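The data block below is protein-v5.cif; it holds mmCIF, C-alpha atoms.
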data_input
#
loop_
_atom_site.label_atom_id
_atom_site.label_comp_id
_atom_site.auth_asym_id
_atom_site.auth_seq_id
_atom_site.Cartn_x
_atom_site.Cartn_y
_atom_site.Cartn_z
CA MET O 408 -83.11 72.89 -41.06
CA SER O 409 -84.07 72.13 -37.53
CA GLU O 410 -81.33 69.58 -37.14
CA GLU O 411 -78.26 71.44 -38.21
CA PRO O 412 -75.73 68.58 -38.07
CA LEU O 413 -77.86 66.32 -40.26
CA HIS O 414 -78.61 69.13 -42.62
CA LEU O 415 -74.90 69.59 -43.24
CA LEU O 416 -74.80 66.10 -44.73
CA SER O 417 -76.73 67.22 -47.83
CA GLY O 418 -73.55 67.53 -49.90
CA ALA O 419 -72.21 64.17 -48.81
CA TYR O 420 -75.60 62.63 -49.51
CA ALA O 421 -75.81 64.11 -53.01
CA LEU O 422 -72.34 62.71 -53.72
CA ASN O 423 -73.29 59.26 -52.37
CA ALA O 424 -70.58 59.78 -49.78
CA LEU O 425 -72.60 58.46 -46.86
CA ALA O 426 -72.24 54.91 -45.64
CA LEU O 427 -75.46 52.92 -45.93
CA GLU O 428 -76.56 53.40 -42.35
CA GLU O 429 -75.98 57.13 -42.50
CA ARG O 430 -77.68 57.33 -45.85
CA GLU O 431 -80.78 55.76 -44.36
CA ALA O 432 -80.75 58.07 -41.37
CA PHE O 433 -80.39 61.06 -43.65
CA GLU O 434 -83.24 59.86 -45.86
CA ASP O 435 -85.45 59.56 -42.81
CA HIS O 436 -84.50 63.11 -41.96
CA LEU O 437 -85.24 64.22 -45.54
CA SER O 438 -88.77 62.95 -45.30
CA THR O 439 -89.43 65.47 -42.56
CA CYS O 440 -87.33 68.42 -43.73
CA ASP O 441 -88.57 70.39 -46.74
CA SER O 442 -85.58 72.70 -46.93
CA CYS O 443 -83.17 69.77 -46.91
CA ARG O 444 -85.16 68.09 -49.65
CA ALA O 445 -85.02 71.17 -51.83
CA GLU O 446 -81.31 71.59 -51.25
CA VAL O 447 -80.58 67.93 -51.93
CA ALA O 448 -82.49 68.10 -55.21
CA GLY O 449 -80.30 70.93 -56.50
CA LEU O 450 -77.11 69.33 -55.22
CA THR O 451 -78.03 65.96 -56.72
CA THR O 452 -78.54 67.55 -60.12
CA THR O 453 -75.20 69.28 -59.69
CA ALA O 454 -73.41 66.10 -58.66
CA ALA O 455 -74.87 64.23 -61.64
CA ARG O 456 -73.18 66.70 -63.97
CA LEU O 457 -69.82 65.50 -62.66
CA ALA O 458 -70.44 62.49 -64.88
CA GLU O 459 -70.18 64.55 -68.05
CA PRO O 460 -66.39 64.92 -68.21
CA ILE O 461 -65.87 61.20 -67.62
CA ALA O 462 -68.46 59.87 -70.07
CA VAL O 463 -67.09 57.20 -72.40
CA ALA O 464 -68.49 55.69 -75.56
CA PRO O 465 -69.69 52.23 -74.63
CA PRO O 466 -68.63 49.30 -76.80
CA ALA O 467 -71.36 48.26 -79.24
CA ARG O 468 -71.39 44.88 -77.53
CA LEU O 469 -72.85 46.40 -74.36
CA LYS O 470 -76.05 47.44 -76.09
CA ALA O 471 -76.24 44.23 -78.08
CA ASP O 472 -76.00 42.23 -74.83
CA LEU O 473 -78.45 44.43 -73.00
CA LEU O 474 -81.44 44.69 -75.32
CA PRO O 475 -82.33 40.97 -75.30
CA ARG O 476 -82.23 41.01 -71.51
CA LEU O 477 -85.16 43.42 -71.33
CA ASP O 478 -87.43 40.42 -71.86
CA GLU O 479 -86.27 38.98 -68.57
CA VAL O 480 -87.02 42.08 -66.52
CA ARG O 481 -90.53 42.91 -65.44
CA GLN O 482 -91.22 46.62 -65.47
CA LEU O 483 -92.66 47.97 -62.26
CA PRO O 484 -96.07 49.58 -62.48
CA PRO O 485 -96.32 53.26 -61.59
CA ARG O 486 -97.03 54.22 -58.03
CA THR O 487 -100.64 54.75 -57.16
CA PRO O 488 -100.81 57.71 -54.76
CA PRO O 489 -102.40 59.12 -52.16
CA LEU O 490 -104.75 56.77 -50.33
CA GLU O 491 -102.17 54.20 -49.44
CA GLU O 492 -99.39 56.57 -48.73
CA LEU O 493 -99.58 56.58 -44.98
CA PRO O 494 -100.03 52.86 -44.48
CA ILE O 495 -97.27 52.12 -46.96
CA SER O 496 -94.75 54.35 -45.34
CA ARG O 497 -95.66 53.01 -41.95
CA GLU O 498 -95.38 49.54 -43.22
CA ARG O 499 -92.13 50.36 -44.91
CA ARG O 500 -90.66 51.47 -41.61
CA ARG O 501 -92.00 48.42 -39.93
CA MET O 502 -90.71 46.31 -42.76
CA ARG O 503 -87.27 47.81 -42.39
CA VAL O 504 -87.16 46.80 -38.76
CA LEU O 505 -88.55 43.37 -39.46
CA LEU O 506 -86.26 42.70 -42.35
CA ALA O 507 -83.29 43.91 -40.39
CA ALA O 508 -84.24 41.60 -37.56
CA ALA O 509 -84.92 38.72 -39.88
CA ALA O 510 -81.73 39.31 -41.74
CA GLY O 511 -79.79 39.36 -38.53
CA ILE O 512 -81.26 36.08 -37.46
CA VAL O 513 -81.42 34.47 -40.80
CA LEU O 514 -78.46 35.38 -42.88
CA ALA O 515 -75.03 34.68 -41.56
CA ALA O 516 -73.74 36.11 -44.78
CA GLY O 517 -72.39 39.28 -43.26
CA ALA O 518 -73.23 42.90 -42.78
CA ALA O 519 -72.95 43.98 -46.40
CA THR O 520 -75.44 41.44 -47.63
CA THR O 521 -77.76 42.16 -44.76
CA TRP O 522 -77.88 45.85 -45.47
CA THR O 523 -78.17 45.56 -49.19
CA MET O 524 -80.99 43.12 -48.70
CA VAL O 525 -82.73 45.38 -46.28
CA ARG O 526 -82.47 48.17 -48.79
CA TYR O 527 -83.68 46.14 -51.68
CA HIS O 528 -87.30 46.97 -51.41
CA ASP O 529 -89.06 49.09 -53.89
CA VAL O 530 -92.35 47.41 -54.51
CA ALA O 531 -94.90 48.26 -51.91
CA GLN O 532 -96.93 45.21 -52.74
CA ARG O 533 -94.02 42.86 -52.42
CA GLU O 534 -92.98 44.58 -49.24
CA ARG O 535 -96.36 43.92 -47.77
CA ALA O 536 -96.19 40.26 -48.70
CA ILE O 537 -92.72 39.97 -47.23
CA THR O 538 -93.80 41.81 -44.12
CA ARG O 539 -96.74 39.45 -43.74
CA VAL O 540 -94.47 36.45 -43.83
CA LEU O 541 -91.77 37.89 -41.58
CA ALA O 542 -94.29 39.22 -39.10
CA ALA O 543 -96.11 35.92 -38.81
CA PRO O 544 -95.65 34.41 -35.37
CA ASP O 545 -94.84 31.03 -36.87
CA ALA O 546 -92.33 32.33 -39.44
CA ARG O 547 -89.38 29.98 -39.70
CA ALA O 548 -86.18 30.39 -41.63
CA VAL O 549 -84.80 27.26 -43.21
CA PRO O 550 -81.38 26.92 -44.77
CA SER O 551 -80.82 24.94 -47.91
CA THR O 552 -79.73 21.35 -47.47
CA THR O 553 -77.63 21.79 -50.60
CA PRO O 554 -74.09 22.58 -49.46
CA SER O 555 -73.31 25.15 -52.16
CA TRP O 556 -76.45 27.11 -51.29
CA ARG O 557 -76.13 26.90 -47.54
CA GLY O 558 -75.15 30.24 -46.08
CA ILE O 559 -76.16 31.96 -49.30
CA ALA O 560 -79.91 31.42 -49.37
CA ARG O 561 -82.76 30.87 -46.94
CA VAL O 562 -86.45 30.30 -47.27
CA ILE O 563 -88.62 31.98 -44.68
CA VAL O 564 -92.01 30.37 -44.46
CA SER O 565 -95.17 30.86 -42.46
CA ARG O 566 -97.66 28.00 -42.52
CA GLN O 567 -100.19 30.26 -40.83
CA ARG O 568 -99.95 32.82 -43.61
CA GLY O 569 -99.46 30.14 -46.21
CA GLU O 570 -96.63 32.12 -47.79
CA GLY O 571 -92.89 31.91 -48.18
CA VAL O 572 -90.04 34.22 -49.07
CA LEU O 573 -86.68 33.38 -50.61
CA VAL O 574 -83.72 35.43 -49.43
CA ALA O 575 -80.44 35.06 -51.28
CA GLY O 576 -77.14 36.87 -51.01
CA ALA O 577 -75.17 38.53 -53.75
CA GLU O 578 -72.86 35.52 -53.85
CA LEU O 579 -75.41 33.35 -55.62
CA ALA O 580 -74.01 32.26 -58.99
CA ALA O 581 -75.91 33.23 -62.13
CA PRO O 582 -77.64 30.45 -64.06
CA PRO O 583 -76.22 29.65 -67.52
CA ALA O 584 -77.09 32.00 -70.38
CA GLY O 585 -80.67 31.59 -71.56
CA LYS O 586 -81.62 29.88 -68.30
CA THR O 587 -83.32 30.99 -65.14
CA TYR O 588 -83.76 29.67 -61.65
CA GLU O 589 -87.27 28.43 -60.98
CA LEU O 590 -88.85 27.81 -57.60
CA TRP O 591 -91.17 24.89 -56.85
CA TYR O 592 -93.41 23.96 -53.99
CA ILE O 593 -93.08 20.20 -53.70
CA SER O 594 -95.73 18.10 -52.00
CA ALA O 595 -96.86 14.48 -52.12
CA THR O 596 -99.04 15.38 -55.09
CA GLY O 597 -96.21 16.84 -57.14
CA ALA O 598 -94.38 20.06 -57.97
CA ARG O 599 -96.11 23.42 -58.32
CA PRO O 600 -94.21 26.19 -60.16
CA ALA O 601 -93.58 29.05 -57.75
CA GLY O 602 -91.87 31.71 -59.85
CA THR O 603 -88.51 32.35 -61.43
CA PHE O 604 -85.68 34.47 -60.12
CA ALA O 605 -82.24 35.68 -61.03
CA PRO O 606 -79.37 36.44 -58.66
CA HIS O 607 -78.88 40.06 -57.93
CA ALA O 608 -75.67 41.93 -57.21
CA ARG O 609 -77.28 43.35 -54.09
CA GLY O 610 -78.90 40.16 -52.98
CA LEU O 611 -82.55 39.41 -53.47
CA THR O 612 -85.71 38.95 -51.44
CA ARG O 613 -88.37 37.20 -53.44
CA VAL O 614 -91.89 36.24 -52.47
CA ILE O 615 -92.42 32.64 -53.50
CA THR O 616 -95.42 32.57 -55.82
CA GLY O 617 -98.48 30.66 -54.66
CA ALA O 618 -99.62 29.14 -51.42
CA VAL O 619 -97.44 26.87 -49.32
CA GLY O 620 -100.36 24.48 -48.92
CA ASP O 621 -99.24 20.97 -48.14
CA ALA O 622 -95.77 21.48 -49.57
CA THR O 623 -92.97 19.85 -47.63
CA LEU O 624 -90.15 21.22 -49.69
CA VAL O 625 -89.14 24.26 -51.70
CA ALA O 626 -86.91 23.30 -54.59
CA VAL O 627 -84.94 25.28 -57.15
CA THR O 628 -84.25 24.03 -60.67
CA ILE O 629 -82.58 25.58 -63.68
CA GLU O 630 -85.04 26.09 -66.53
CA PRO O 631 -85.15 27.90 -69.84
CA THR O 632 -85.79 31.63 -69.50
CA GLY O 633 -89.41 32.24 -68.66
CA GLY O 634 -89.71 29.08 -66.63
CA ARG O 635 -91.63 25.83 -67.13
CA ASP O 636 -94.78 24.26 -65.74
CA LYS O 637 -92.94 21.10 -64.72
CA PRO O 638 -89.40 20.83 -63.46
CA SER O 639 -87.20 19.48 -66.23
CA GLY O 640 -84.33 18.24 -64.13
CA SER O 641 -83.26 17.52 -60.60
CA PRO O 642 -83.15 20.44 -58.18
CA VAL O 643 -79.99 22.48 -57.71
CA ALA O 644 -81.15 23.38 -54.21
CA THR O 645 -83.79 22.23 -51.77
CA PHE O 646 -85.24 23.74 -48.62
CA PRO O 647 -87.13 21.28 -46.42
CA LEU O 648 -90.06 23.12 -44.84
CA PRO O 649 -91.02 22.78 -41.18
CA ALA O 650 -93.96 20.44 -40.62
CA ALA O 651 -97.42 21.95 -40.65
CA MET H 1002 -89.21 59.82 -48.84
CA ALA H 1003 -88.66 57.86 -52.00
CA PRO H 1004 -88.09 54.21 -51.44
CA LEU H 1005 -84.52 53.14 -51.36
CA GLY H 1006 -84.71 51.39 -54.67
CA ASP H 1007 -84.97 54.84 -56.12
CA VAL H 1008 -82.14 57.27 -56.15
CA GLY H 1009 -83.44 60.04 -54.02
CA PRO H 1010 -84.99 63.33 -54.87
CA TRP H 1011 -84.13 65.36 -57.88
CA GLN H 1012 -85.71 68.50 -58.87
CA SER H 1013 -84.71 70.67 -61.71
CA ARG H 1014 -85.13 69.72 -65.31
CA HIS H 1015 -82.06 70.72 -67.14
CA THR H 1016 -82.78 70.86 -70.77
CA ARG H 1017 -79.27 72.10 -71.41
CA HIS H 1018 -78.30 68.45 -71.66
CA LEU H 1019 -80.29 68.16 -74.81
CA SER H 1020 -77.32 69.52 -76.67
CA ALA H 1021 -75.65 66.22 -75.80
CA ILE H 1022 -78.03 64.30 -78.04
CA PRO H 1023 -75.90 62.69 -80.71
CA ALA H 1024 -76.56 63.62 -84.29
CA GLY H 1025 -79.10 61.33 -85.83
CA PRO H 1026 -82.77 60.60 -85.83
CA ALA H 1027 -83.16 61.13 -82.06
CA VAL H 1028 -85.67 63.88 -81.58
CA LEU H 1029 -87.10 63.15 -78.17
CA ASP H 1030 -85.39 64.32 -75.00
CA ALA H 1031 -84.42 61.96 -72.23
CA ASP H 1032 -87.51 62.76 -70.14
CA GLU H 1033 -89.89 61.97 -72.96
CA LEU H 1034 -87.98 58.84 -73.84
CA LEU H 1035 -88.11 57.61 -70.27
CA LEU H 1036 -91.87 58.12 -70.17
CA ARG H 1037 -92.15 55.96 -73.27
CA VAL H 1038 -89.83 53.36 -71.80
CA ALA H 1039 -92.22 53.19 -68.85
CA ARG H 1040 -94.84 51.99 -71.32
CA GLY H 1041 -92.58 49.20 -72.50
CA ASP H 1042 -91.33 50.97 -75.63
CA ARG H 1043 -88.12 49.22 -76.67
CA ASP H 1044 -87.25 51.71 -79.39
CA ALA H 1045 -87.44 54.47 -76.83
CA PHE H 1046 -85.19 52.44 -74.55
CA SER H 1047 -82.71 52.03 -77.36
CA GLN H 1048 -82.66 55.78 -77.94
CA LEU H 1049 -82.46 56.52 -74.24
CA TYR H 1050 -79.59 54.09 -74.02
CA ASP H 1051 -77.67 56.10 -76.60
CA LEU H 1052 -78.18 59.22 -74.50
CA VAL H 1053 -77.34 57.87 -71.08
CA ALA H 1054 -75.01 54.90 -71.57
CA PRO H 1055 -71.86 57.01 -71.99
CA ARG H 1056 -72.42 58.59 -68.59
CA VAL H 1057 -73.51 55.38 -66.94
CA LEU H 1058 -70.47 53.51 -68.16
CA GLY H 1059 -68.20 56.50 -67.52
CA VAL H 1060 -69.29 56.70 -63.89
CA ALA H 1061 -69.11 52.95 -63.39
CA ARG H 1062 -65.69 52.79 -64.92
CA ARG H 1063 -64.30 55.70 -62.93
CA VAL H 1064 -65.61 54.47 -59.61
CA VAL H 1065 -65.29 50.71 -60.04
CA ARG H 1066 -62.15 50.77 -62.23
CA ASP H 1067 -62.14 47.12 -63.26
CA PRO H 1068 -63.51 47.24 -66.83
CA ALA H 1069 -65.42 43.98 -66.63
CA GLN H 1070 -67.05 44.90 -63.33
CA ALA H 1071 -67.80 48.38 -64.59
CA GLU H 1072 -69.68 46.88 -67.49
CA GLU H 1073 -71.62 44.66 -65.14
CA VAL H 1074 -72.63 47.68 -63.10
CA ALA H 1075 -73.58 49.61 -66.23
CA GLN H 1076 -75.74 46.75 -67.49
CA GLU H 1077 -77.37 46.41 -64.11
CA VAL H 1078 -78.12 50.13 -63.97
CA LEU H 1079 -79.56 50.21 -67.48
CA LEU H 1080 -81.80 47.23 -66.73
CA GLU H 1081 -82.84 49.04 -63.57
CA VAL H 1082 -83.81 52.04 -65.71
CA TRP H 1083 -86.05 49.74 -67.76
CA ARG H 1084 -87.50 48.23 -64.61
CA LEU H 1085 -88.08 51.43 -62.69
CA ALA H 1086 -89.03 53.73 -65.58
CA ALA H 1087 -92.63 54.04 -64.42
CA ARG H 1088 -91.41 55.29 -61.06
CA PHE H 1089 -89.64 58.24 -62.64
CA GLU H 1090 -91.44 61.50 -61.89
CA PRO H 1091 -90.50 64.08 -64.52
CA GLU H 1092 -91.83 66.97 -62.49
CA ARG H 1093 -89.30 66.14 -59.83
CA GLY H 1094 -86.23 66.30 -62.00
CA GLY H 1095 -84.57 65.33 -65.23
CA ALA H 1096 -84.20 61.81 -66.52
CA LEU H 1097 -80.48 62.31 -67.06
CA THR H 1098 -80.00 63.24 -63.42
CA TRP H 1099 -82.08 60.28 -62.33
CA VAL H 1100 -80.15 57.76 -64.40
CA THR H 1101 -76.76 59.24 -63.61
CA THR H 1102 -77.50 59.30 -59.90
CA LEU H 1103 -78.65 55.71 -60.04
CA ALA H 1104 -75.45 54.75 -61.85
CA HIS H 1105 -73.25 56.48 -59.32
CA ARG H 1106 -75.07 54.94 -56.42
CA ARG H 1107 -74.84 51.45 -57.85
CA ALA H 1108 -71.16 51.95 -58.60
CA VAL H 1109 -70.31 53.05 -55.07
CA ASP H 1110 -72.50 50.30 -53.63
CA ARG H 1111 -70.47 47.86 -55.68
CA VAL H 1112 -67.09 49.06 -54.50
CA ARG H 1113 -68.25 49.26 -50.92
CA SER H 1114 -69.72 45.82 -50.71
CA ALA H 1115 -66.60 44.38 -49.22
CA GLN H 1116 -68.42 41.18 -48.54
CA ALA H 1117 -68.28 39.99 -52.10
CA ALA H 1118 -64.89 41.50 -52.83
CA ALA H 1119 -62.95 38.31 -52.57
CA ASP H 1120 -65.39 36.47 -54.80
CA ARG H 1121 -65.25 39.20 -57.37
CA GLU H 1122 -61.48 39.23 -57.46
CA GLU H 1123 -61.48 35.53 -57.94
CA ARG H 1124 -64.00 35.80 -60.74
CA SER H 1125 -62.03 38.59 -62.36
CA ALA H 1126 -58.90 36.52 -62.22
CA LEU H 1127 -60.70 33.63 -63.82
CA ARG H 1128 -62.25 35.70 -66.54
CA ASP H 1129 -60.44 34.92 -69.73
CA HIS H 1130 -61.81 37.84 -71.60
CA VAL H 1131 -61.49 41.32 -70.22
CA PRO H 1132 -63.43 43.57 -72.54
CA ALA H 1133 -61.53 46.48 -73.97
CA TYR H 1134 -63.18 49.79 -74.52
CA ASP H 1135 -63.79 50.82 -78.06
CA VAL H 1136 -62.86 54.33 -77.10
CA VAL H 1137 -60.78 55.19 -74.10
CA ALA H 1138 -61.52 58.79 -73.28
CA GLU H 1139 -63.40 60.23 -76.16
CA GLU H 1140 -65.32 63.44 -75.69
CA VAL H 1141 -68.75 61.93 -75.97
CA GLU H 1142 -70.58 64.74 -74.29
CA ALA H 1143 -71.01 68.16 -75.77
CA ARG H 1144 -67.77 70.04 -75.27
CA VAL H 1145 -69.46 73.16 -73.96
CA GLU H 1146 -71.18 71.24 -71.17
CA VAL H 1147 -68.02 69.45 -70.19
CA GLU H 1148 -66.07 72.70 -70.14
CA GLN H 1149 -68.73 74.24 -67.95
CA VAL H 1150 -68.37 71.43 -65.42
CA ARG H 1151 -64.58 71.65 -65.50
CA ARG H 1152 -64.71 75.38 -64.92
CA ALA H 1153 -67.12 74.92 -62.05
CA LEU H 1154 -64.73 72.42 -60.47
CA ASP H 1155 -61.83 74.81 -61.03
CA GLY H 1156 -63.81 77.49 -59.24
CA LEU H 1157 -63.75 75.54 -55.98
CA THR H 1158 -61.18 75.98 -53.25
CA PRO H 1159 -58.49 73.29 -53.36
CA LEU H 1160 -59.95 71.52 -50.34
CA GLN H 1161 -63.49 71.64 -51.72
CA ARG H 1162 -62.30 70.32 -55.05
CA GLU H 1163 -60.29 67.49 -53.54
CA ALA H 1164 -63.14 66.48 -51.28
CA VAL H 1165 -65.75 66.54 -54.05
CA THR H 1166 -63.45 64.70 -56.44
CA LEU H 1167 -62.52 61.98 -53.96
CA ALA H 1168 -66.16 61.47 -53.05
CA TYR H 1169 -67.66 61.43 -56.54
CA TYR H 1170 -64.92 60.04 -58.73
CA GLY H 1171 -63.25 57.98 -56.03
CA GLY H 1172 -66.46 56.66 -54.53
CA LEU H 1173 -65.21 57.39 -51.02
CA THR H 1174 -67.46 58.09 -48.06
CA TYR H 1175 -66.96 61.46 -46.43
CA ARG H 1176 -65.38 59.65 -43.49
CA GLU H 1177 -62.84 58.12 -45.82
CA VAL H 1178 -62.29 61.48 -47.46
CA ALA H 1179 -61.53 62.94 -44.02
CA VAL H 1180 -58.88 60.30 -43.44
CA VAL H 1181 -57.33 60.72 -46.86
CA LEU H 1182 -57.17 64.49 -46.57
CA ASP H 1183 -56.35 64.35 -42.87
CA VAL H 1184 -58.96 66.91 -41.92
CA PRO H 1185 -61.75 66.74 -39.31
CA LEU H 1186 -65.05 65.10 -40.29
CA GLY H 1187 -66.98 68.29 -39.82
CA THR H 1188 -64.67 70.07 -42.24
CA VAL H 1189 -65.26 67.47 -44.93
CA LYS H 1190 -69.01 67.62 -44.43
CA THR H 1191 -69.07 71.36 -44.92
CA ARG H 1192 -66.56 71.35 -47.79
CA LEU H 1193 -68.61 68.83 -49.72
CA ARG H 1194 -71.73 70.89 -49.17
CA ASP H 1195 -70.17 74.29 -49.79
CA GLY H 1196 -68.35 72.94 -52.83
CA LEU H 1197 -71.49 71.52 -54.41
CA ILE H 1198 -73.44 74.68 -53.63
CA ARG H 1199 -70.77 76.72 -55.34
CA MET H 1200 -70.82 74.41 -58.35
CA ARG H 1201 -74.60 74.47 -58.42
CA ASP H 1202 -74.56 78.26 -58.60
CA ALA H 1203 -71.77 78.32 -61.17
CA LEU H 1204 -73.67 75.85 -63.36
CA GLY H 1205 -76.92 77.71 -62.93
CA VAL H 1206 -78.76 74.62 -61.75
CA GLU H 1207 -82.38 75.55 -61.14
CA GLN H 1208 -83.57 75.32 -57.59
#
What is this structure when it is put down as structure tokens?
Amino acid sequence: MSEEPLHLLSGAYALNALALEEREAFEDHLSTCDSCRAEVAGLTTTAARLAEPIAVAPPARLKADLLPRLDEVRQLPPRTPPLEELPISRERRRMRVLLAAAAGIVLAAGAATTWTMVRYHDVAQRERAITRVLAAPDARAVPSTTPSWRGIARVIVSRQRGEGVLVAGAELAAPPAGKTYELWYISATGARPAGTFAPHARGLTRVITGAVGDATLVAVTIEPTGGRDKPSGSPVATFPLPAA
Amino acid sequence: MAPLGDVGPWQSRHTRHLSAIPAGPAVLDADELLLRVARGDRDAFSQLYDLVAPRVLGVARRVVRDPAQAEEVAQEVLLEVWRLAARFEPERGGALTWVTTLAHRRAVDRVRSAQAAADREERSALRDHVPAYDVVAEEVEARVEVEQVRRALDGLTPLQREAVTLAYYGGLTYREVAVVLDVPLGTVKTRLRDGLIRMRDALGVEQ
């Protein structure tokens, strides 16, 4: 309770009544303030009960639509404490700064997208990969040469690290039902599958699977759910990579 | 601090919600179900869905308003529950709180992301099918629990109640609440906190 003014935000925080920037600042404060954390826990439980009077029976269709989609969502593994805790949280802070900087430079898509993207990080491993790419001295952000994707998506690539990251805003249209977007590293020797992705309402930051190698292009195609080994059609978006 | 993909800290288990389990074969509570979901158990997810979906959709609908968008948010939240199940820590709080908090956060994030607002409106306008709700305002939670919450809200001062209601059900930030109620920021901050503390005590939420 050392910082009285911040402490007073516990109610607003529990009610999700803080703007994103304030929410982050308060969460930073929470990590150092045991009494705030305890208070927030009780108030969060209290706030959640406000949902009871407004609960509604969902249409049967909602569940029927949802269950098949589980196949498309990879479940995160549990956290593995304590050893990594310090480095991760350090890295997370660093990552926040880096991503914020990168987002500022890279995405002209506006403040909302930038913030949601910055906040979309919950996998320490992925964070580290993204941090590696963004922190690389030779990291370059390339827009798509496809008009409909320009301004919505960027690929950030580091030849030194041999890795790339796809960043896309919330505006990205969903692929048709039963289909997914698939990434490819394209080089003179052909196309290497580099992972599938789906648009996300809060924007997405996705490590491109595999090494950049001698690829000159990142391409996106639409493939059946689960992805393919070879692209089945022409790309819906391409990102020409900077020369090695 | 928990990563931002999570929904913040939560502490007390509140088994009182178990009375909300619908009649039927469901015998596991939400916490146990979520632990099974974390191991990829689809049946457990289906049962958990039955427990939490009414609140998830209720919150999404109240905050987001547009039925089609509310359903999108609810779907997104429920998939998130599947995805993040292994990150749930039962000793830190109840599964119902976790899911409900996630739902509320996603719903307010949705209404506040002004960036995509124009796109969404366009999409909504283009949508030929706006799903109707099977049930509009059915009492899907146990009546006793709902009454308890209503009484706790009634026990607040008018300003506390208005502030809490605008923030939670309206999805407003406390700064917006201050403007709506035409009171200083500091007053809203303290009313939200005092109000929730009073509700917490009235509801007997463990600390």
Using all atoms listed in the file, what residues lie at most 12 Å away from (-103.4, 17.9, -48.9) (file coordinates), given as an mmCIF file with C-alpha atoms, keeping the file's coordinate frame?
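Contents of out_4.cif, as written:
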data_model
loop_
_atom_site.group_PDB
_atom_site.id
_atom_site.type_symbol
_atom_site.label_atom_id
_atom_site.label_comp_id
_atom_site.auth_asym_id
_atom_site.auth_seq_id
_atom_site.Cartn_x
_atom_site.Cartn_y
_atom_site.Cartn_z
ATOM 1 C CA ILE O 593 -93.080 20.200 -53.700
ATOM 2 C CA SER O 594 -95.730 18.100 -52.000
ATOM 3 C CA ALA O 595 -96.860 14.480 -52.120
ATOM 4 C CA THR O 596 -99.040 15.380 -55.090
ATOM 5 C CA GLY O 597 -96.210 16.840 -57.140
ATOM 6 C CA VAL O 619 -97.440 26.870 -49.320
ATOM 7 C CA GLY O 620 -100.360 24.480 -48.920
ATOM 8 C CA ASP O 621 -99.240 20.970 -48.140
ATOM 9 C CA ALA O 622 -95.770 21.480 -49.570
ATOM 10 C CA THR O 623 -92.970 19.850 -47.630
ATOM 11 C CA ALA O 651 -97.420 21.950 -40.650
#
Q: Please return, as an MDAnalysis selection string, all polymer residues that have at least one atom within 12 Å of the point (-68.1, 72.1, -65.7); use all atoms listed in the file and the file's own coordinate frame.
A: (chainID O and resid 453:461) or (chainID H and resid 1142:1157 1197 1199:1206)
Q) Given the choices O:Gly585, O:Pro600, O:Pro484, O:Gly569, which gets closest to O:Pro638 if the distance is worked out from all atoms listed in the file? A) O:Pro600
Q) Given the file above and the PyMOL selection byres ((chain O) within 8 of (chain H)), which residues are selected, and can you give them as an NGL selection string? A) :O and (415-419 or 422-426 or 434-435 or 437-438 or 444-466 or 469-470 or 473-474 or 476-477 or 480-486 or 517-520 or 526-529 or 577-578)
Q) On this structure, which residues satisfy the PyMOL selection byres ((chain O and resi 605-616) around 8), written as a ChimeraX atom specification? A) /O:520,523-524,527,533,536-537,570-582,587-588,590,600-604,617-618
Those residues with C-alpha atoms, as a compact mmCIF listing (two decimals), in the frame of the given file please?
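Output below, filename result27.txt:
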# COMPACT_ATOMS: atom_id res chain seq x y z
CA THR O 520 -75.44 41.44 -47.63
CA THR O 523 -78.17 45.56 -49.19
CA MET O 524 -80.99 43.12 -48.70
CA TYR O 527 -83.68 46.14 -51.68
CA ARG O 533 -94.02 42.86 -52.42
CA ALA O 536 -96.19 40.26 -48.70
CA ILE O 537 -92.72 39.97 -47.23
CA GLU O 570 -96.63 32.12 -47.79
CA GLY O 571 -92.89 31.91 -48.18
CA VAL O 572 -90.04 34.22 -49.07
CA LEU O 573 -86.68 33.38 -50.61
CA VAL O 574 -83.72 35.43 -49.43
CA ALA O 575 -80.44 35.06 -51.28
CA GLY O 576 -77.14 36.87 -51.01
CA ALA O 577 -75.17 38.53 -53.75
CA GLU O 578 -72.86 35.52 -53.85
CA LEU O 579 -75.41 33.35 -55.62
CA ALA O 580 -74.01 32.26 -58.99
CA ALA O 581 -75.91 33.23 -62.13
CA PRO O 582 -77.64 30.45 -64.06
CA THR O 587 -83.32 30.99 -65.14
CA TYR O 588 -83.76 29.67 -61.65
CA LEU O 590 -88.85 27.81 -57.60
CA PRO O 600 -94.21 26.19 -60.16
CA ALA O 601 -93.58 29.05 -57.75
CA GLY O 602 -91.87 31.71 -59.85
CA THR O 603 -88.51 32.35 -61.43
CA PHE O 604 -85.68 34.47 -60.12
CA GLY O 617 -98.48 30.66 -54.66
CA ALA O 618 -99.62 29.14 -51.42
Q.
So that I can see what lies close to stretch 550-557 of chain O, please list as a PyMOL selection string the residues with an atom at most 8 Å from it, counting only C-alpha atoms and leaving out residues fewer than 2 positions away in the same chain.
A. chain O and resi 548+559-562+579+643-647
Q) Mind pulling up the distance from atom CA of O:Arg566 to atom CA of O:Ala542? A)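 Distance reported for this atom pair: 12.2 Å.
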